[in-house]
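See below for model_10.csv, which holds CSV, C-alpha atoms and all ligand atoms.
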chain,number,residue,atom,x,y,z
A,1,MET,CA,14.0,-0.8,-25.5
A,2,ALA,CA,10.4,-1.1,-24.2
A,3,ILE,CA,8.4,-3.9,-22.7
A,4,ASP,CA,7.1,-6.2,-25.4
A,5,PHE,CA,3.6,-6.7,-24.1
A,6,GLN,CA,2.8,-8.9,-27.1
A,7,ALA,CA,5.3,-11.5,-25.9
A,8,ALA,CA,4.4,-11.3,-22.2
A,9,PRO,CA,2.4,-14.0,-20.5
A,10,SER,CA,-1.3,-13.2,-20.1
A,11,PRO,CA,-2.7,-12.4,-17.7
A,12,SER,CA,0.4,-11.0,-16.0
A,13,TYR,CA,1.5,-8.2,-13.7
A,14,ILE,CA,4.8,-6.6,-14.9
A,15,VAL,CA,6.7,-4.2,-12.7
A,16,ASP,CA,9.1,-2.0,-14.6
A,17,GLU,CA,12.2,-1.7,-12.4
A,18,ALA,CA,13.3,1.6,-13.9
A,19,LEU,CA,10.0,3.2,-13.0
A,20,LEU,CA,10.1,1.7,-9.5
A,21,THR,CA,13.7,3.0,-9.1
A,22,ARG,CA,12.6,6.5,-10.2
A,23,ASN,CA,10.1,6.5,-7.3
A,24,LEU,CA,12.6,5.1,-4.9
A,25,GLU,CA,15.1,7.9,-5.8
A,26,ILE,CA,12.4,10.5,-5.0
A,27,LEU,CA,11.7,8.9,-1.6
A,28,GLN,CA,15.4,8.5,-0.9
A,29,GLN,CA,15.8,12.3,-1.5
A,30,VAL,CA,13.2,12.9,1.2
A,31,GLU,CA,15.4,10.8,3.5
A,32,ALA,CA,18.6,12.5,2.5
A,33,ARG,CA,17.2,16.0,2.8
A,34,THR,CA,15.6,15.5,6.3
A,35,GLY,CA,17.1,12.4,8.0
A,36,ALA,CA,13.5,11.0,8.2
A,37,LYS,CA,13.2,7.3,7.5
A,38,VAL,CA,10.9,6.1,4.7
A,39,LEU,CA,9.4,2.6,5.0
A,40,LEU,CA,7.6,0.5,2.4
A,41,ALA,CA,4.0,-0.2,3.5
A,42,GLN,CA,3.8,-3.8,2.3
A,43,LYS,CA,0.0,-3.7,2.4
A,44,ALA,CA,0.2,-1.9,-1.0
A,45,PHE,CA,3.1,-3.8,-2.6
A,46,SER,CA,4.7,-7.0,-1.4
A,47,MET,CA,6.5,-8.2,-4.5
A,48,PHE,CA,9.5,-9.4,-2.5
A,49,ALA,CA,11.6,-10.3,-5.5
A,50,LEU,CA,12.2,-6.6,-5.7
A,51,TYR,CA,12.8,-6.0,-1.9
A,52,PRO,CA,16.6,-6.1,-2.4
A,53,LEU,CA,16.2,-3.2,-4.9
A,54,ILE,CA,13.8,-1.3,-2.6
A,55,GLY,CA,16.1,-1.9,0.4
A,56,LYS,CA,18.9,-0.1,-1.4
A,57,TYR,CA,16.8,3.1,-1.1
A,58,LEU,CA,14.4,2.8,1.8
A,59,SER,CA,14.9,2.1,5.5
A,60,GLY,CA,12.7,-0.9,5.9
A,61,VAL,CA,9.1,-2.0,5.9
A,62,ALA,CA,5.8,-1.2,7.6
A,63,SER,CA,3.7,-4.3,8.2
A,64,SER,CA,0.1,-4.8,9.2
A,65,SER,CA,0.4,-8.4,10.3
A,66,LEU,CA,2.8,-11.1,11.5
A,67,PHE,CA,3.1,-12.5,8.0
A,68,GLU,CA,4.0,-9.1,6.5
A,69,ALA,CA,6.5,-8.5,9.3
A,70,ARG,CA,8.2,-11.9,8.7
A,71,LEU,CA,8.2,-11.3,4.9
A,72,GLY,CA,9.9,-7.9,5.4
A,73,ALA,CA,12.4,-9.4,7.9
A,74,GLU,CA,13.3,-12.3,5.6
A,75,GLU,CA,13.3,-10.6,2.3
A,76,MET,CA,14.5,-7.0,3.0
A,77,GLY,CA,16.3,-7.5,6.3
A,78,LYS,CA,16.1,-3.8,7.3
A,79,GLU,CA,13.9,-2.1,9.9
A,80,VAL,CA,10.6,-3.9,10.5
A,81,HIS,CA,7.7,-1.9,11.9
A,82,ILE,CA,4.3,-3.4,12.7
A,83,TYR,CA,0.9,-1.9,13.5
A,84,ALA,CA,-2.4,-3.8,13.6
A,85,PRO,CA,-5.8,-2.9,15.0
A,86,ALA,CA,-5.3,-5.7,17.5
A,87,PHE,CA,-2.6,-8.4,17.9
A,88,ARG,CA,-3.4,-12.1,18.4
A,89,GLU,CA,-2.0,-13.6,21.5
A,90,GLU,CA,-0.6,-16.7,19.8
A,91,GLU,CA,1.3,-14.6,17.2
A,92,PHE,CA,2.8,-12.1,19.6
A,93,ASP,CA,6.0,-14.0,20.5
A,94,GLU,CA,6.8,-14.4,16.8
A,95,ILE,CA,6.1,-10.7,16.2
A,96,LEU,CA,8.7,-10.0,18.9
A,97,ARG,CA,11.3,-11.9,16.8
A,98,TYR,CA,10.8,-9.7,13.8
A,99,ALA,CA,9.6,-6.2,14.8
A,100,ASP,CA,11.8,-3.2,15.7
A,101,HIS,CA,8.8,-1.0,16.2
A,102,ILE,CA,5.4,-2.1,17.4
A,103,VAL,CA,2.5,0.3,17.2
A,104,PHE,CA,-0.5,-0.4,19.4
A,105,ASN,CA,-3.9,0.7,18.5
A,106,SER,CA,-5.2,1.1,22.1
A,107,PHE,CA,-3.9,1.4,25.6
A,108,SER,CA,-5.6,-1.9,26.4
A,109,GLN,CA,-3.5,-3.7,23.8
A,110,TRP,CA,-0.4,-1.9,25.1
A,111,ASP,CA,-1.2,-3.0,28.7
A,112,LYS,CA,-1.8,-6.5,27.6
A,113,TYR,CA,1.5,-6.9,25.8
A,114,LYS,CA,3.9,-4.5,27.4
A,115,ASP,CA,5.5,-7.1,29.8
A,116,ARG,CA,6.2,-9.4,26.9
A,117,VAL,CA,7.8,-6.6,25.0
A,118,ARG,CA,10.0,-5.7,28.0
A,119,ALA,CA,11.0,-9.3,28.5
A,120,ALA,CA,12.0,-9.7,24.8
A,121,SER,CA,15.6,-10.4,24.1
A,122,ARG,CA,15.7,-7.6,21.4
A,123,LYS,CA,15.1,-3.9,22.0
A,124,ILE,CA,11.8,-3.0,20.6
A,125,SER,CA,10.4,0.5,20.4
A,126,CYS,CA,6.7,0.9,21.1
A,127,GLY,CA,4.2,3.5,20.0
A,128,ILE,CA,0.5,4.3,20.1
A,129,ARG,CA,-1.6,5.1,17.1
A,130,VAL,CA,-3.6,8.2,17.6
A,131,ASN,CA,-6.7,9.3,15.8
A,132,PRO,CA,-6.5,13.1,15.3
A,133,GLU,CA,-10.2,13.1,14.2
A,134,TYR,CA,-9.1,15.1,11.2
A,135,SER,CA,-9.1,13.8,7.7
A,136,GLU,CA,-9.6,15.0,4.2
A,137,VAL,CA,-10.4,11.6,2.8
A,138,GLU,CA,-13.8,11.6,1.2
A,139,THR,CA,-14.3,7.9,0.6
A,140,GLY,CA,-15.7,6.3,3.8
A,141,LEU,CA,-13.9,3.0,3.1
A,142,TYR,CA,-10.5,4.7,3.3
A,143,ASP,CA,-11.2,7.3,6.1
A,144,PRO,CA,-9.6,6.2,9.4
A,145,CYS,CA,-11.1,9.3,11.1
A,146,ALA,CA,-14.7,8.7,10.2
A,147,PRO,CA,-17.2,8.6,13.1
A,148,TYR,CA,-16.8,5.5,15.2
A,149,SER,CA,-13.6,4.5,13.5
A,150,ARG,CA,-11.6,1.8,15.3
A,151,MET,CA,-8.3,3.1,14.0
A,152,GLY,CA,-6.3,4.8,16.8
A,153,VAL,CA,-6.8,6.5,20.2
A,154,THR,CA,-8.8,9.7,20.2
A,155,ALA,CA,-7.7,12.6,22.4
A,156,ALA,CA,-10.6,11.9,24.7
A,157,ASN,CA,-9.4,8.3,25.2
A,158,PHE,CA,-5.7,9.1,25.5
A,159,GLN,CA,-4.4,8.1,29.0
A,160,THR,CA,-2.0,10.7,30.1
A,161,ASP,CA,-0.7,8.8,33.1
A,162,ASP,CA,0.4,5.7,31.3
A,163,LEU,CA,3.2,6.7,28.8
A,164,GLU,CA,6.1,4.8,30.5
A,165,GLY,CA,7.6,2.7,27.7
A,166,ILE,CA,5.8,4.5,24.9
A,167,ASP,CA,8.5,6.0,22.6
A,168,GLY,CA,6.3,7.3,19.7
A,169,LEU,CA,3.0,8.3,18.3
A,170,HIS,CA,1.7,7.1,14.9
A,171,PHE,CA,-1.1,8.5,12.8
A,172,HIS,CA,-2.4,7.4,9.4
A,173,THR,CA,-5.1,9.6,8.0
A,174,LEU,CA,-4.2,10.2,4.4
A,175,CYS,CA,-5.1,8.4,1.2
A,176,GLU,CA,-3.5,9.4,-2.1
A,177,GLN,CA,-3.0,12.9,-0.8
A,178,ASN,CA,-0.7,15.9,-1.4
A,179,SER,CA,1.4,17.5,1.4
A,180,ASP,CA,-1.1,20.2,2.1
A,181,ALA,CA,-3.4,17.6,3.6
A,182,LEU,CA,-0.5,16.4,5.7
A,183,ALA,CA,0.2,19.9,6.9
A,184,HIS,CA,-3.4,20.4,8.0
A,185,THR,CA,-3.4,17.0,9.7
A,186,LEU,CA,-0.2,17.8,11.6
A,187,GLU,CA,-1.9,20.9,12.9
A,188,ALA,CA,-4.7,18.7,14.3
A,189,VAL,CA,-2.2,16.2,15.7
A,190,GLU,CA,-0.2,19.0,17.5
A,191,GLU,CA,-3.4,20.6,18.8
A,192,LYS,CA,-4.7,17.3,20.2
A,193,PHE,CA,-1.5,15.4,21.2
A,194,GLY,CA,1.2,18.1,21.1
A,195,ARG,CA,1.7,18.0,24.9
A,196,TYR,CA,2.8,14.4,24.7
A,197,LEU,CA,5.1,14.8,21.7
A,198,LYS,CA,7.9,16.4,23.9
A,199,GLN,CA,8.2,13.1,25.8
A,200,MET,CA,8.4,11.0,22.6
A,201,LYS,CA,11.4,9.8,20.6
A,202,TRP,CA,9.6,9.5,17.3
A,203,ILE,CA,6.5,10.2,15.2
A,204,ASN,CA,5.2,8.1,12.4
A,205,PHE,CA,3.3,10.0,9.7
A,206,GLY,CA,1.7,6.8,8.3
A,207,GLY,CA,1.0,6.4,4.6
A,208,GLY,CA,-1.2,7.9,2.0
A,209,HIS,CA,1.5,10.5,0.9
A,210,HIS,CA,1.5,10.5,-2.9
A,211,ILE,CA,5.1,11.7,-2.9
A,212,THR,CA,6.0,10.3,-6.3
A,213,ARG,CA,3.1,11.8,-8.1
A,214,SER,CA,4.2,14.6,-10.5
A,215,ASP,CA,2.2,17.4,-8.8
A,216,TYR,CA,3.3,16.4,-5.2
A,217,ALA,CA,4.7,19.4,-3.3
A,218,ILE,CA,7.8,17.9,-1.7
A,219,ASP,CA,8.9,21.1,0.0
A,220,THR,CA,5.8,21.2,2.1
A,221,LEU,CA,6.5,17.6,3.2
A,222,ILE,CA,10.1,18.5,4.0
A,223,GLY,CA,8.7,21.5,6.1
A,224,CYS,CA,6.4,19.2,8.0
A,225,ILE,CA,9.2,16.8,8.8
A,226,THR,CA,11.7,19.4,9.9
A,227,ARG,CA,9.1,21.1,12.0
A,228,MET,CA,8.5,17.9,14.0
A,229,GLN,CA,12.3,17.4,14.3
A,230,GLU,CA,13.1,20.9,15.5
A,231,ARG,CA,10.1,21.6,17.6
A,232,TYR,CA,9.9,18.3,19.5
A,233,GLY,CA,13.3,16.7,18.8
A,234,LEU,CA,11.5,13.7,17.1
A,235,GLU,CA,12.8,11.1,14.7
A,236,VAL,CA,10.2,11.1,11.8
A,237,TYR,CA,9.0,8.0,10.0
A,238,LEU,CA,6.9,7.8,6.8
A,239,GLU,CA,5.4,4.6,5.6
A,240,PRO,CA,4.0,5.1,2.1
A,241,GLY,CA,2.7,2.2,0.2
A,242,GLU,CA,1.3,3.5,-3.1
A,243,ALA,CA,4.0,6.1,-3.6
A,244,VAL,CA,6.7,3.4,-3.7
A,245,ALA,CA,5.3,1.6,-6.7
A,246,LEU,CA,3.0,4.3,-8.1
A,247,ASN,CA,2.7,4.0,-11.9
A,248,ALA,CA,5.5,1.4,-11.9
A,249,GLY,CA,3.6,-1.6,-13.1
A,250,TYR,CA,1.3,-3.0,-15.8
A,251,PHE,CA,-1.4,-5.6,-16.0
A,252,VAL,CA,-1.4,-7.5,-19.3
A,253,SER,CA,-4.6,-9.2,-20.5
A,254,THR,CA,-6.0,-10.7,-23.6
A,255,VAL,CA,-9.4,-10.4,-25.4
A,256,LEU,CA,-11.1,-13.8,-25.3
A,257,ASP,CA,-14.3,-12.9,-27.0
A,258,ILE,CA,-16.4,-10.1,-28.4
A,259,VAL,CA,-20.2,-10.1,-27.9
A,260,HIS,CA,-23.0,-7.7,-28.3
A,261,ASN,CA,-25.9,-6.6,-26.1
A,262,GLY,CA,-26.9,-3.0,-26.8
A,263,MET,CA,-23.2,-2.2,-27.2
A,264,ASP,CA,-20.0,-4.0,-28.0
A,265,LEU,CA,-18.7,-6.1,-25.1
A,266,ALA,CA,-15.2,-7.6,-24.8
A,267,ILE,CA,-14.5,-10.5,-22.5
A,268,LEU,CA,-11.0,-10.6,-21.2
A,269,ASP,CA,-8.8,-13.1,-19.4
A,270,SER,CA,-8.4,-10.6,-16.6
A,271,SER,CA,-11.0,-10.0,-13.9
A,272,ALA,CA,-11.7,-6.8,-12.0
A,273,THR,CA,-13.0,-8.8,-9.0
A,274,CYS,CA,-10.1,-11.3,-8.9
A,275,HIS,CA,-7.1,-9.3,-10.2
A,276,MET,CA,-7.8,-5.6,-9.7
A,277,PRO,CA,-10.4,-5.6,-6.9
A,278,ASP,CA,-9.8,-1.9,-6.1
A,279,VAL,CA,-11.4,-1.1,-9.5
A,280,LEU,CA,-14.7,-2.3,-7.9
A,281,GLU,CA,-14.0,-1.4,-4.3
A,282,MET,CA,-12.6,2.0,-4.5
A,283,PRO,CA,-14.0,2.4,-7.2
A,284,TYR,CA,-11.7,3.7,-10.0
A,285,ARG,CA,-11.1,3.5,-13.7
A,286,PRO,CA,-7.6,2.2,-14.6
A,287,LYS,CA,-5.9,3.6,-17.8
A,288,ILE,CA,-5.4,1.3,-20.7
A,289,ILE,CA,-2.5,2.0,-23.1
A,290,GLY,CA,-3.9,3.3,-26.4
A,291,ALA,CA,-7.5,3.4,-25.2
A,292,GLY,CA,-9.7,6.5,-24.5
A,293,GLU,CA,-12.9,7.5,-22.7
A,294,PRO,CA,-16.1,5.9,-24.2
A,295,GLY,CA,-16.8,7.6,-27.5
A,296,GLU,CA,-13.4,9.3,-27.6
A,297,TYR,CA,-12.2,6.9,-30.4
A,298,ALA,CA,-14.4,5.2,-33.0
A,299,TYR,CA,-14.9,1.8,-31.2
A,300,THR,CA,-16.2,1.7,-27.7
A,301,TYR,CA,-16.4,-1.5,-25.7
A,302,ARG,CA,-17.4,-2.5,-22.2
A,303,LEU,CA,-14.6,-4.7,-20.8
A,304,GLY,CA,-15.6,-7.6,-18.6
A,305,GLY,CA,-13.9,-10.4,-16.9
A,306,PRO,CA,-14.0,-14.2,-17.2
A,307,THR,CA,-15.9,-14.8,-13.9
A,308,CYS,CA,-19.6,-15.3,-13.5
A,309,LEU,CA,-20.0,-12.1,-11.5
A,310,ALA,CA,-22.3,-9.9,-13.6
A,311,GLY,CA,-20.6,-6.8,-12.2
A,312,ASP,CA,-17.0,-8.0,-13.1
A,313,VAL,CA,-16.6,-5.1,-15.4
A,314,THR,CA,-13.5,-2.9,-15.6
A,315,GLY,CA,-15.2,-0.1,-17.5
A,316,ASP,CA,-16.1,1.3,-20.9
A,317,TYR,CA,-13.2,2.2,-23.2
A,318,SER,CA,-12.8,3.3,-26.8
A,319,PHE,CA,-10.2,2.2,-29.3
A,320,LYS,CA,-9.0,3.5,-32.7
A,321,LYS,CA,-9.4,0.1,-34.3
A,322,PRO,CA,-12.0,-2.6,-33.6
A,323,LEU,CA,-10.8,-5.1,-30.9
A,324,GLN,CA,-10.0,-8.6,-32.1
A,325,VAL,CA,-9.9,-11.9,-30.2
A,326,GLY,CA,-6.3,-12.3,-29.1
A,327,ASP,CA,-5.6,-8.6,-28.8
A,328,ARG,CA,-3.5,-7.6,-25.7
A,329,LEU,CA,-4.8,-4.9,-23.5
A,330,VAL,CA,-2.4,-3.3,-21.0
A,331,PHE,CA,-3.8,-1.7,-17.8
A,332,CYS,CA,-1.6,1.0,-16.2
A,333,ASP,CA,-0.6,1.6,-12.6
A,334,MET,CA,-1.2,-2.0,-11.6
A,335,ALA,CA,1.7,-2.7,-9.3
A,336,ILE,CA,0.0,-1.4,-6.2
A,337,TYR,CA,-3.0,-3.0,-4.4
A,338,SER,CA,-3.2,-5.6,-7.2
A,339,MET,CA,-1.1,-8.6,-6.4
A,340,VAL,CA,-1.6,-8.1,-2.7
A,341,LYS,CA,-5.4,-8.2,-3.1
A,342,ASN,CA,-6.0,-10.8,-5.8
A,343,ASN,CA,-7.8,-14.1,-5.3
A,344,THR,CA,-8.9,-17.2,-7.2
A,345,PHE,CA,-12.7,-16.6,-7.0
A,346,ASN,CA,-14.5,-18.7,-9.7
A,347,GLY,CA,-11.3,-20.8,-10.1
A,348,ILE,CA,-9.8,-18.0,-12.1
A,349,PRO,CA,-6.0,-18.5,-12.2
A,350,LEU,CA,-3.7,-15.9,-10.5
A,351,PRO,CA,-1.8,-13.8,-13.0
A,352,THR,CA,1.9,-14.4,-13.6
A,353,ILE,CA,4.2,-12.0,-11.8
A,354,ALA,CA,7.1,-10.6,-13.8
A,355,SER,CA,9.6,-7.7,-13.7
A,356,TYR,CA,11.3,-5.8,-16.5
A,357,ASN,CA,14.7,-4.2,-16.7
A,358,ALA,CA,16.6,-3.0,-19.8
A,359,ALA,CA,19.5,-5.3,-19.2
A,360,GLU,CA,17.6,-8.6,-18.7
A,361,GLY,CA,14.3,-7.8,-20.5
A,362,LEU,CA,11.2,-9.5,-19.1
A,363,CYS,CA,11.8,-11.8,-16.2
A,364,VAL,CA,9.0,-14.1,-15.3
A,365,ILE,CA,9.3,-14.5,-11.5
A,366,ARG,CA,6.3,-16.7,-10.6
A,367,ARG,CA,3.6,-18.5,-12.4
A,368,PHE,CA,0.5,-19.9,-10.6
A,369,GLY,CA,-1.6,-22.9,-11.3
A,370,TYR,CA,-4.2,-25.3,-10.0
A,371,GLU,CA,-2.4,-26.0,-6.7
A,372,ASN,CA,-2.6,-22.3,-5.7
A,373,PHE,CA,-6.4,-22.5,-6.2
A,374,LYS,CA,-6.8,-25.9,-4.5
A,375,THR,CA,-4.6,-25.5,-1.5
A,376,ARG,CA,-6.5,-22.5,-0.1
A,377,LEU,CA,-9.8,-24.2,-0.2
A,378,SER,CA,-9.4,-27.3,2.0
B,401,LIG,C1,-2.5,1.5,4.3
B,401,LIG,C2,-1.5,2.0,5.2
B,401,LIG,C3,-0.3,2.5,4.8
B,401,LIG,C4,0.0,2.7,3.3
B,401,LIG,O1,-0.9,3.6,2.7
B,401,LIG,P1,-0.7,4.0,1.2
B,401,LIG,O2,-2.0,4.7,0.9
B,401,LIG,O3,-0.6,2.8,0.4
B,401,LIG,O4,0.4,4.9,1.1
B,401,LIG,C5,0.6,2.9,5.7
B,401,LIG,N1,0.4,2.8,7.1
B,401,LIG,C6,-0.8,2.3,7.5
B,401,LIG,C7,-1.0,2.1,9.0
B,401,LIG,C8,-1.7,1.8,6.6
B,401,LIG,O5,-2.9,1.3,7.1
The structure in this file should be written as structure tokens.
Amino acid sequence: MAIDFQAAPSPSYIVDEALLTRNLEILQQVEARTGAKVLLAQKAFSMFALYPLIGKYLSGVASSSLFEARLGAEEMGKEVHIYAPAFREEEFDEILRYADHIVFNSFSQWDKYKDRVRAASRKISCGIRVNPEYSEVETGLYDPCAPYSRMGVTAANFQTDDLEGIDGLHFHTLCEQNSDALAHTLEAVEEKFGRYLKQMKWINFGGGHHITRSDYAIDTLIGCITRMQERYGLEVYLEPGEAVALNAGYFVSTVLDIVHNGMDLAILDSSATCHMPDVLEMPYRPKIIGAGEPGEYAYTYRLGGPTCLAGDVTGDYSFKKPLQVGDRLVFCDMAIYSMVKNNTFNGIPLPTIASYNAAEGLCVIRRFGYENFKTRLS
């Protein structure tokens, strides 16, 4: 049985639990083979209805804010790690209630909060994010090692005399990358920060590991993990976001109108800027089931959204048959960085969130309406 996209609400995000589980099995194998702990980076995927499933396979969550930390604590209930470029004073006590690991972005932040961490009733392990100033990410928007980056402490700014209470180092320098980039990055981390690693209990490799992609070289990753374990006696954490739900979800939309201006244009009930903003930010071209590159099939259309933003265009796609008003179009790989980034710009409704499994079929988890638009405006 497959998902009946024709019967699904539109627009809607649908996560296929079997595809998600396949990813989770691969990540759990990494844990089983190495003893490393794999966390879900909620920034990429926070569909908490599926946290009980994810929690069966992974060790916990990585959070970038108090709200994400709370969500992970409430809905998964396993390890909660938090990192942010800076913490807000009024939120810190609540962070102490949820977090098992806190990663500070600077020594000034660590100095500011260390007494409160020590006084906390729970044992919390603290780390520092380092910037190895080595990255193979080519898009500036996603490169934490670009010149003048605020992400992490560089070797020149690392205070060697102030490591009392610091248990770990964290780096996050990858984006959708294979394990060769990790291996190169670790060389830079060891070269710049290796002398501190012997005093540490753990190292966190951050995210950006595309572990569940078909061409990912897992053995190189395993080698990187075991090297850190054996050489420095460290516990290793990974916090992939994308890899957890890579290719595990769809975005269903409907053709609302067909118009012409030099070429055929289809207007959809789905918006790039509201519902899949990475298409414009990254930018990238999502796959659509049954559609090809422009000109590949007989009928090419430029697909645009229902907003008044002229550039709310997902791309040019070709189809074997002419599109009709009412046709469903299904975008692929839409679980990650979609729901977490969407918005109600232009008063466009948020898509329905659904999951699919063979036993229960399509389960609509949440629908959104006018209140969701109104209550965030005043
Ligand atoms: C974004 C981010 C992640 C997850 O990255 P993915 O590319 O989704 O795997 C993990 N850790 C930190 C600190 C991040 O900023």
Fill in: Surrounding residues of Pro144 of chain A excluding itself and chain neighbours under 5 positions, 10 Å, only C-alpha atoms, as a PyMOL selection string
chain A and resi 131-135+137+149-152+171-175
Discussion item. With all atoms listed in the file as the counted atoms, please give the residues lying no more than 8 Å from segment 295-311 of chain A, apart from itself and same-chain residues fewer than 3 positions off, as a PyMOL selection string.
Written reply: chain A and resi 263-272+291-292+314-322+345-346+348
Kindly provide the residues of chain A that approach ligand LIG 401 (chain B) to within 6 Å, each paired with its closest atom pair and their distance in Å to one decimal, based on only C-alpha atoms and all ligand atoms, listed by chain and increasing number, as a Markdown table.
| residue | atom | partner | partner_atom | distance |
| --- | --- | --- | --- | --- |
| A:Ala41 | CA | B:LIG401 | C4 | 4.9 |
| A:Ala44 | CA | B:LIG401 | O3 | 5.0 |
| A:His172 | CA | B:LIG401 | C7 | 5.5 |
| A:Cys175 | CA | B:LIG401 | O2 | 4.8 |
| A:Glu176 | CA | B:LIG401 | O2 | 5.8 |
| A:Gly206 | CA | B:LIG401 | N1 | 4.4 |
| A:Gly207 | CA | B:LIG401 | C5 | 3.7 |
| A:Gly208 | CA | B:LIG401 | O2 | 3.5 |
| A:His209 | CA | B:LIG401 | O4 | 5.7 |
| A:Glu239 | CA | B:LIG401 | C5 | 5.1 |
| A:Pro240 | CA | B:LIG401 | O4 | 3.7 |
| A:Gly241 | CA | B:LIG401 | O3 | 3.4 |
| A:Glu242 | CA | B:LIG401 | O3 | 4.0 |
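Proximity ranking of A:Tyr57, A:Trp202, A:Phe331, A:Phe107 relative to Arg285 of chain A places A:Phe331 first, based on only C-alpha atoms.
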Per-residue nearest contacts of segment 228-335 of chain A to segment 18-35 of chain A (7 Å; only C-alpha atoms) as JSON lines:
{"residue": "A:Val244", "atom": "CA", "partner": "A:Asn23", "partner_atom": "CA", "distance": 5.8}
{"residue": "A:Ala245", "atom": "CA", "partner": "A:Leu20", "partner_atom": "CA", "distance": 5.6}
{"residue": "A:Ala248", "atom": "CA", "partner": "A:Leu19", "partner_atom": "CA", "distance": 5.0}
Item to complete: Give as a ChimeraX atom specification every residue, naming chains and numbers as the document does, that has an atom within 7 Å of (4.1, 10.9, 10.4), counting only C-alpha atoms.
Response: /A:170-171,203-206,236-238
Worksheet item: Between atom CA of His210 of chain A and atom CA of Asn178 of chain A, what is the spacing in Å?
Response: 6.0 Å
Fill in: For atom CA of Thr212 of chain A and atom CA of Gln177 of chain A, the interatomic separation in Å (one decimal)
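About the pair atom CA of Thr212 of chain A and atom CA of Gln177 of chain A: they are 10.9 Å apart.
Taking atom CA of Ala8 of chain A and atom CA of Leu362 of chain A as the two end points, the separation is 7.7 Å.
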Fill in: Spatial neighbours of segment 275-283 of chain A, 10 Å, all atoms listed in the file, chain gap at least 3 places, as a PyMOL selection string
chain A and resi 11-13+139-142+251+270-272+286+305+311-315+331+334-345+348-351
Discussion item. Just want the 7 Å neighbourhood of segment 75-82 of chain A, counted on only C-alpha atoms, with same-chain residues fewer than 5 positions away dropped. Output as a list of chain:residue names.
Written reply: A:Phe48, A:Tyr51, A:Pro52, A:Gly55, A:Ser59, A:Gly60, A:Val61, A:Ala62, A:Ser63, A:Ser64, A:Ser65, A:Ala69, A:Tyr98, A:Ala99, A:Asp100, A:His101, A:Ile102, A:Val103
Could you give me, as an mmCIF file with C-alpha atoms, keeping the file's coordinate frame, the residues that have an atom at most 7 Å away from the point (-3.6, -3.2, -25.8) in the coordinates of the file, using all atoms listed in the file?
data_model
loop_
_atom_site.group_PDB
_atom_site.id
_atom_site.type_symbol
_atom_site.label_atom_id
_atom_site.label_comp_id
_atom_site.auth_asym_id
_atom_site.auth_seq_id
_atom_site.Cartn_x
_atom_site.Cartn_y
_atom_site.Cartn_z
ATOM 1 C CA ILE A 289 -2.500 2.000 -23.100
ATOM 2 C CA GLY A 290 -3.900 3.300 -26.400
ATOM 3 C CA ASP A 327 -5.600 -8.600 -28.800
ATOM 4 C CA ARG A 328 -3.500 -7.600 -25.700
ATOM 5 C CA LEU A 329 -4.800 -4.900 -23.500
ATOM 6 C CA VAL A 330 -2.400 -3.300 -21.000
#
Worksheet item: Which of these residues is nearest to Arg227 of chain A, using all atoms listed in the file: A:Ala155, A:Ile353, A:Ala73, A:Leu186?
Response: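 Checking each candidate against Arg227 of chain A, we get A:Leu186 as the closest.
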Item to complete: Using only C-alpha atoms, find the one residue out of A:Asp115, A:Glu235, A:Glu187, A:Asp180 that sits nearest to Ile218 of chain A.
Response: A:Asp180
Discussion item. Please list as a ChimeraX atom specification every residue within 10 Å of Gly223 of chain A, counting all atoms listed in the file and excluding residues in the same chain fewer than 6 positions away.
Written reply: /A:34,179,183,229
